[in-house]
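*Asks:* Structure file protein28.cif (mmCIF, C-alpha atoms, pLDDT in the B column; chains and numbers go by the auth columns) right here:
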data_work
loop_
_atom_site.group_PDB
_atom_site.id
_atom_site.type_symbol
_atom_site.label_atom_id
_atom_site.label_comp_id
_atom_site.label_asym_id
_atom_site.label_seq_id
_atom_site.Cartn_x
_atom_site.Cartn_y
_atom_site.Cartn_z
_atom_site.B_iso_or_equiv
_atom_site.auth_seq_id
_atom_site.auth_asym_id
ATOM 1 C CA MET A 1 132.821 -42.104 -88.686 40.00 1 A
ATOM 2 C CA ASP A 2 131.683 -43.656 -85.442 49.00 2 A
ATOM 3 C CA GLY A 3 134.350 -43.924 -82.740 55.00 3 A
ATOM 4 C CA VAL A 4 136.758 -41.468 -84.381 55.00 4 A
ATOM 5 C CA PRO A 5 137.299 -38.343 -82.296 57.00 5 A
ATOM 6 C CA GLU A 6 136.522 -34.929 -83.749 64.00 6 A
ATOM 7 C CA SER A 7 139.680 -33.378 -85.119 64.00 7 A
ATOM 8 C CA HIS A 8 141.202 -30.223 -83.691 67.00 8 A
ATOM 9 C CA ASN A 9 142.985 -27.512 -85.630 75.00 9 A
ATOM 10 C CA GLY A 10 145.500 -25.176 -84.076 82.00 10 A
ATOM 11 C CA TRP A 11 147.762 -25.426 -81.079 86.00 11 A
ATOM 12 C CA THR A 12 146.923 -26.357 -77.513 85.00 12 A
ATOM 13 C CA PHE A 13 148.665 -25.912 -74.176 88.00 13 A
ATOM 14 C CA LEU A 14 148.880 -29.609 -73.361 89.00 14 A
ATOM 15 C CA THR A 15 150.397 -32.494 -75.253 93.00 15 A
ATOM 16 C CA ASN A 16 148.489 -35.694 -75.857 96.00 16 A
ATOM 17 C CA HIS A 17 150.969 -37.413 -73.524 97.00 17 A
ATOM 18 C CA ALA A 18 149.959 -35.056 -70.697 96.00 18 A
ATOM 19 C CA ARG A 19 146.267 -35.629 -71.430 95.00 19 A
ATOM 20 C CA VAL A 20 146.657 -39.418 -71.366 97.00 20 A
ATOM 21 C CA LEU A 21 148.694 -39.276 -68.151 97.00 21 A
ATOM 22 C CA ALA A 22 146.033 -37.086 -66.514 96.00 22 A
ATOM 23 C CA ALA A 23 143.255 -39.442 -67.638 96.00 23 A
ATOM 24 C CA ILE A 24 145.131 -42.397 -66.133 97.00 24 A
ATOM 25 C CA ALA A 25 145.784 -40.474 -62.915 96.00 25 A
ATOM 26 C CA ASP A 26 142.049 -39.834 -62.670 94.00 26 A
ATOM 27 C CA ASN A 27 141.206 -43.530 -63.225 95.00 27 A
ATOM 28 C CA GLN A 28 144.092 -45.975 -62.952 96.00 28 A
ATOM 29 C CA SER A 29 142.018 -48.870 -64.256 96.00 29 A
ATOM 30 C CA ALA A 30 140.574 -47.014 -67.257 96.00 30 A
ATOM 31 C CA ARG A 31 140.400 -48.903 -70.535 96.00 31 A
ATOM 32 C CA VAL A 32 142.309 -47.609 -73.546 97.00 32 A
ATOM 33 C CA ARG A 33 138.937 -47.004 -75.219 97.00 33 A
ATOM 34 C CA ASP A 34 137.800 -44.790 -72.332 97.00 34 A
ATOM 35 C CA ILE A 35 141.088 -42.861 -72.237 97.00 35 A
ATOM 36 C CA ALA A 36 140.860 -42.325 -75.990 97.00 36 A
ATOM 37 C CA ALA A 37 137.314 -40.990 -75.732 96.00 37 A
ATOM 38 C CA ARG A 38 138.209 -38.654 -72.888 95.00 38 A
ATOM 39 C CA CYS A 39 141.305 -37.329 -74.671 95.00 39 A
ATOM 40 C CA ARG A 40 139.646 -37.242 -78.106 94.00 40 A
ATOM 41 C CA LEU A 41 142.279 -39.552 -79.556 96.00 41 A
ATOM 42 C CA THR A 42 142.169 -42.879 -81.336 97.00 42 A
ATOM 43 C CA ASP A 43 142.711 -46.117 -79.414 97.00 43 A
ATOM 44 C CA ARG A 44 145.899 -46.699 -81.397 98.00 44 A
ATOM 45 C CA ALA A 45 147.290 -43.252 -80.493 98.00 45 A
ATOM 46 C CA VAL A 46 146.595 -43.893 -76.788 98.00 46 A
ATOM 47 C CA GLN A 47 148.272 -47.298 -76.954 98.00 47 A
ATOM 48 C CA LYS A 48 151.396 -45.703 -78.471 98.00 48 A
ATOM 49 C CA ILE A 49 151.427 -42.951 -75.846 98.00 49 A
ATOM 50 C CA ILE A 50 151.127 -45.527 -73.045 98.00 50 A
ATOM 51 C CA VAL A 51 154.103 -47.408 -74.523 98.00 51 A
ATOM 52 C CA ASP A 52 156.079 -44.130 -74.678 98.00 52 A
ATOM 53 C CA LEU A 53 155.243 -43.326 -71.042 98.00 53 A
ATOM 54 C CA GLU A 54 156.165 -46.848 -69.907 98.00 54 A
ATOM 55 C CA GLU A 55 159.453 -46.875 -71.829 98.00 55 A
ATOM 56 C CA ALA A 56 160.404 -43.532 -70.246 97.00 56 A
ATOM 57 C CA GLY A 57 159.555 -44.807 -66.741 97.00 57 A
ATOM 58 C CA TYR A 58 156.592 -42.503 -66.091 97.00 58 A
ATOM 59 C CA LEU A 59 154.063 -45.316 -66.084 97.00 59 A
ATOM 60 C CA SER A 60 153.830 -49.042 -65.456 97.00 60 A
ATOM 61 C CA HIS A 61 150.942 -51.462 -65.529 96.00 61 A
ATOM 62 C CA ILE A 62 149.775 -54.659 -63.924 96.00 62 A
ATOM 63 C CA ARG A 63 147.423 -56.981 -65.769 95.00 63 A
ATOM 64 C CA GLN A 64 144.186 -57.496 -63.828 92.00 64 A
ATOM 65 C CA GLY A 65 141.897 -59.967 -65.532 92.00 65 A
ATOM 66 C CA ARG A 66 141.130 -58.586 -68.977 91.00 66 A
ATOM 67 C CA GLY A 67 142.219 -55.050 -68.079 92.00 67 A
ATOM 68 C CA ASN A 68 145.194 -53.160 -66.741 95.00 68 A
ATOM 69 C CA SER A 69 145.848 -51.200 -63.596 97.00 69 A
ATOM 70 C CA TYR A 70 148.297 -48.377 -64.204 97.00 70 A
ATOM 71 C CA GLN A 71 150.813 -46.962 -61.752 97.00 71 A
ATOM 72 C CA ILE A 72 152.298 -43.509 -62.296 97.00 72 A
ATOM 73 C CA ASP A 73 155.697 -42.540 -60.879 97.00 73 A
ATOM 74 C CA PRO A 74 154.824 -39.158 -59.309 96.00 74 A
ATOM 75 C CA ALA A 75 158.453 -38.365 -58.393 96.00 75 A
ATOM 76 C CA LYS A 76 159.747 -38.610 -61.960 96.00 76 A
ATOM 77 C CA THR A 77 160.860 -35.216 -63.277 94.00 77 A
ATOM 78 C CA LEU A 78 159.341 -33.769 -66.411 94.00 78 A
ATOM 79 C CA ARG A 79 161.255 -34.274 -69.664 91.00 79 A
ATOM 80 C CA HIS A 80 161.745 -30.763 -70.995 89.00 80 A
ATOM 81 C CA PRO A 81 165.070 -29.290 -69.810 87.00 81 A
ATOM 82 C CA THR A 82 163.348 -26.172 -68.447 87.00 82 A
ATOM 83 C CA GLU A 83 161.048 -28.143 -66.132 87.00 83 A
ATOM 84 C CA ALA A 84 163.591 -30.858 -65.399 86.00 84 A
ATOM 85 C CA GLY A 85 166.146 -28.218 -64.403 88.00 85 A
ATOM 86 C CA GLN A 86 163.675 -26.817 -61.896 91.00 86 A
ATOM 87 C CA GLY A 87 162.945 -30.280 -60.517 90.00 87 A
ATOM 88 C CA LEU A 88 159.287 -30.186 -61.556 92.00 88 A
ATOM 89 C CA THR A 89 157.744 -33.617 -61.207 94.00 89 A
ATOM 90 C CA VAL A 90 154.849 -35.554 -62.643 96.00 90 A
ATOM 91 C CA ALA A 91 153.058 -34.955 -59.335 95.00 91 A
ATOM 92 C CA SER A 92 153.319 -31.179 -59.816 92.00 92 A
ATOM 93 C CA LEU A 93 151.902 -31.439 -63.327 92.00 93 A
ATOM 94 C CA LEU A 94 149.077 -33.725 -62.275 94.00 94 A
ATOM 95 C CA SER A 95 148.168 -31.484 -59.350 92.00 95 A
ATOM 96 C CA LEU A 96 147.292 -28.831 -61.933 88.00 96 A
ATOM 97 C CA LEU A 97 145.401 -31.180 -64.234 86.00 97 A
ATOM 98 C CA ILE A 98 143.506 -33.490 -61.888 79.00 98 A
ATOM 99 C CA HIS A 99 140.800 -32.193 -59.620 65.00 99 A
ATOM 100 C CA ASP A 100 138.853 -33.964 -56.957 53.00 100 A
ATOM 101 C CA GLU A 101 135.149 -33.956 -57.843 43.00 101 A
ATOM 102 C CA ALA A 102 134.481 -31.805 -54.766 40.00 102 A
ATOM 103 C CA HIS A 103 136.631 -29.014 -56.204 52.00 103 A
ATOM 104 C CA ARG A 104 135.116 -28.905 -59.681 45.00 104 A
ATOM 105 C CA THR A 105 133.334 -25.720 -60.671 47.00 105 A
ATOM 106 C CA ALA A 106 129.606 -25.670 -61.345 45.00 106 A
ATOM 107 C CA PRO A 107 128.424 -24.165 -64.667 47.00 107 A
ATOM 108 C CA SER A 108 127.545 -20.949 -62.803 48.00 108 A
ATOM 109 C CA GLY A 109 131.212 -20.519 -61.873 50.00 109 A
ATOM 110 C CA GLU A 110 130.598 -21.291 -58.219 49.00 110 A
ATOM 111 C CA PRO A 111 132.498 -24.136 -56.499 46.00 111 A
ATOM 112 C CA THR A 112 130.437 -27.289 -56.061 41.00 112 A
ATOM 113 C CA HIS A 113 131.562 -27.697 -52.438 42.00 113 A
ATOM 114 C CA SER A 114 130.899 -25.542 -49.449 39.00 114 A
ATOM 115 C CA PRO A 115 133.893 -23.513 -48.213 40.00 115 A
ATOM 116 C CA GLY A 116 135.306 -24.271 -44.905 40.00 116 A
#
Just give me the structure as structure tokens.

*Replies:*
Amino acid sequence: MDGVPESHNGWTFLTNHARVLAAIADNQSARVRDIAARCRLTDRAVQKIIVDLEEAGYLSHIRQGRGNSYQIDPAKTLRHPTEAGQGLTVASLLSLLIHDEAHRTAPSGEPTHSPG
């Protein structure tokens, strides 16, 4: 089917909520369709995740024309008691998941930027 992401079997290290949050952090004006494609989810699943994140206070949005601009609360602590008890925040999670283009690794394994 066209537009339906390839399914995945087995477990992964990240939840879909973390993937969606990271995609939004990378592009705060991304469309649901683009987030869904990046995260290999359906549009409907991404919409539900965005509602979950907004209801929990991790995310808000402002309507801009026909699209949205999202705002993440980086100081909000993570939900699981282990991380929350340590004071780990959304910012700490996103720092692991989001990379500036200059710090991405080339296919050869070498950094794409010059050291220094």

*Asks:* If you count only C-alpha atoms, which residues fall within 9 Å of Cys39 of chain A, apart from same-chain ones fewer than 3 positions away, as a PyMOL selection string?

*Replies:* chain A and resi 5+16+19-20+23+34-36+42+46

*Asks:* Report the distance between atom CA of Arg40 of chain A and atom CA of Asp26 of chain A in Å, rounded to one decimal place.

*Replies:* 15.8 Å

*Asks:* Tell me which of A:Leu93, A:Leu21, A:Leu14, A:Ile98 sits closest to Leu53 of chain A, counting all atoms listed in the file.

*Replies:*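 The shortest atom-to-atom distance to Leu53 of chain A comes from A:Leu21.
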
*Asks:* What would the selection look like, as a ChimeraX atom specification, if the PyMOL selection byres ((chain A and resi 91) around 12) were run on the coordinates I just shared?

*Replies:* /A:18,21-22,25,58,72-78,87-90,92-98

*Asks:* Give me a file of those residues, with C-alpha atoms, as a compact mmCIF listing (two decimals), keeping the file's coordinate frame.

*Replies:*
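Now in selection_17.txt:
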# COMPACT_ATOMS: atom_id res chain seq x y z
CA ALA A 18 149.96 -35.06 -70.70
CA LEU A 21 148.69 -39.28 -68.15
CA ALA A 22 146.03 -37.09 -66.51
CA ALA A 25 145.78 -40.47 -62.92
CA TYR A 58 156.59 -42.50 -66.09
CA ILE A 72 152.30 -43.51 -62.30
CA ASP A 73 155.70 -42.54 -60.88
CA PRO A 74 154.82 -39.16 -59.31
CA ALA A 75 158.45 -38.36 -58.39
CA LYS A 76 159.75 -38.61 -61.96
CA THR A 77 160.86 -35.22 -63.28
CA LEU A 78 159.34 -33.77 -66.41
CA GLY A 87 162.94 -30.28 -60.52
CA LEU A 88 159.29 -30.19 -61.56
CA THR A 89 157.74 -33.62 -61.21
CA VAL A 90 154.85 -35.55 -62.64
CA SER A 92 153.32 -31.18 -59.82
CA LEU A 93 151.90 -31.44 -63.33
CA LEU A 94 149.08 -33.72 -62.28
CA SER A 95 148.17 -31.48 -59.35
CA LEU A 96 147.29 -28.83 -61.93
CA LEU A 97 145.40 -31.18 -64.23
CA ILE A 98 143.51 -33.49 -61.89

*Asks:* One number please: atom CA of Glu83 of chain A to atom CA of Val51 of chain A, in Å, one decimal.

*Replies:* 22.1 Å

*Asks:* Build an axis-aligned box that encloses every atom of segment 18-22 of chain A listed in the file, pad it by 8 Å on each side, and report its centre and edge lengths in Å to one decimal, as AutoDock Vina command-line options.

*Replies:*
--center_x 148.0 --center_y -37.2 --center_z -69.0 --size_x 19.9 --size_y 20.4 --size_z 20.9

*Asks:* Name every residue that the PyMOL selection byres ((chain A and resi 68) around 12) selects in this structure, writing the answer as a ChimeraX atom specification with chains first and numbers rising.

*Replies:* /A:24,27-32,50,59-67,69-71

*Asks:* Take atom CA of Thr15 of chain A and atom CA of His80 of chain A and report the distance between them in Å, one decimal.

*Replies:*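 Pair atom CA of Thr15 of chain A / atom CA of His80 of chain A returns 12.2 Å.
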
*Asks:* With only C-alpha atoms as the counted atoms, please give the residues lying no more than 10 Å from Arg33 of chain A, apart from itself and same-chain residues fewer than 4 positions off, as number ranges by chain.

*Replies:* A: 3, 37-39, 41-44, 46-47

*Asks:* I need the residues from that last selection saved to file as a PDB file, keeping the file's coordinate frame (with C-alpha atoms), if you can.

*Replies:*
ATOM      1  CA  GLY A   3     134.350 -43.924 -82.740  1.00 55.00           C
ATOM      2  CA  ALA A  37     137.314 -40.990 -75.732  1.00 96.00           C
ATOM      3  CA  ARG A  38     138.209 -38.654 -72.888  1.00 95.00           C
ATOM      4  CA  CYS A  39     141.305 -37.329 -74.671  1.00 95.00           C
ATOM      5  CA  LEU A  41     142.279 -39.552 -79.556  1.00 96.00           C
ATOM      6  CA  THR A  42     142.169 -42.879 -81.336  1.00 97.00           C
ATOM      7  CA  ASP A  43     142.711 -46.117 -79.414  1.00 97.00           C
ATOM      8  CA  ARG A  44     145.899 -46.699 -81.397  1.00 98.00           C
ATOM      9  CA  VAL A  46     146.595 -43.893 -76.788  1.00 98.00           C
ATOM     10  CA  GLN A  47     148.272 -47.298 -76.954  1.00 98.00           C
TER      11      GLN A  47
END
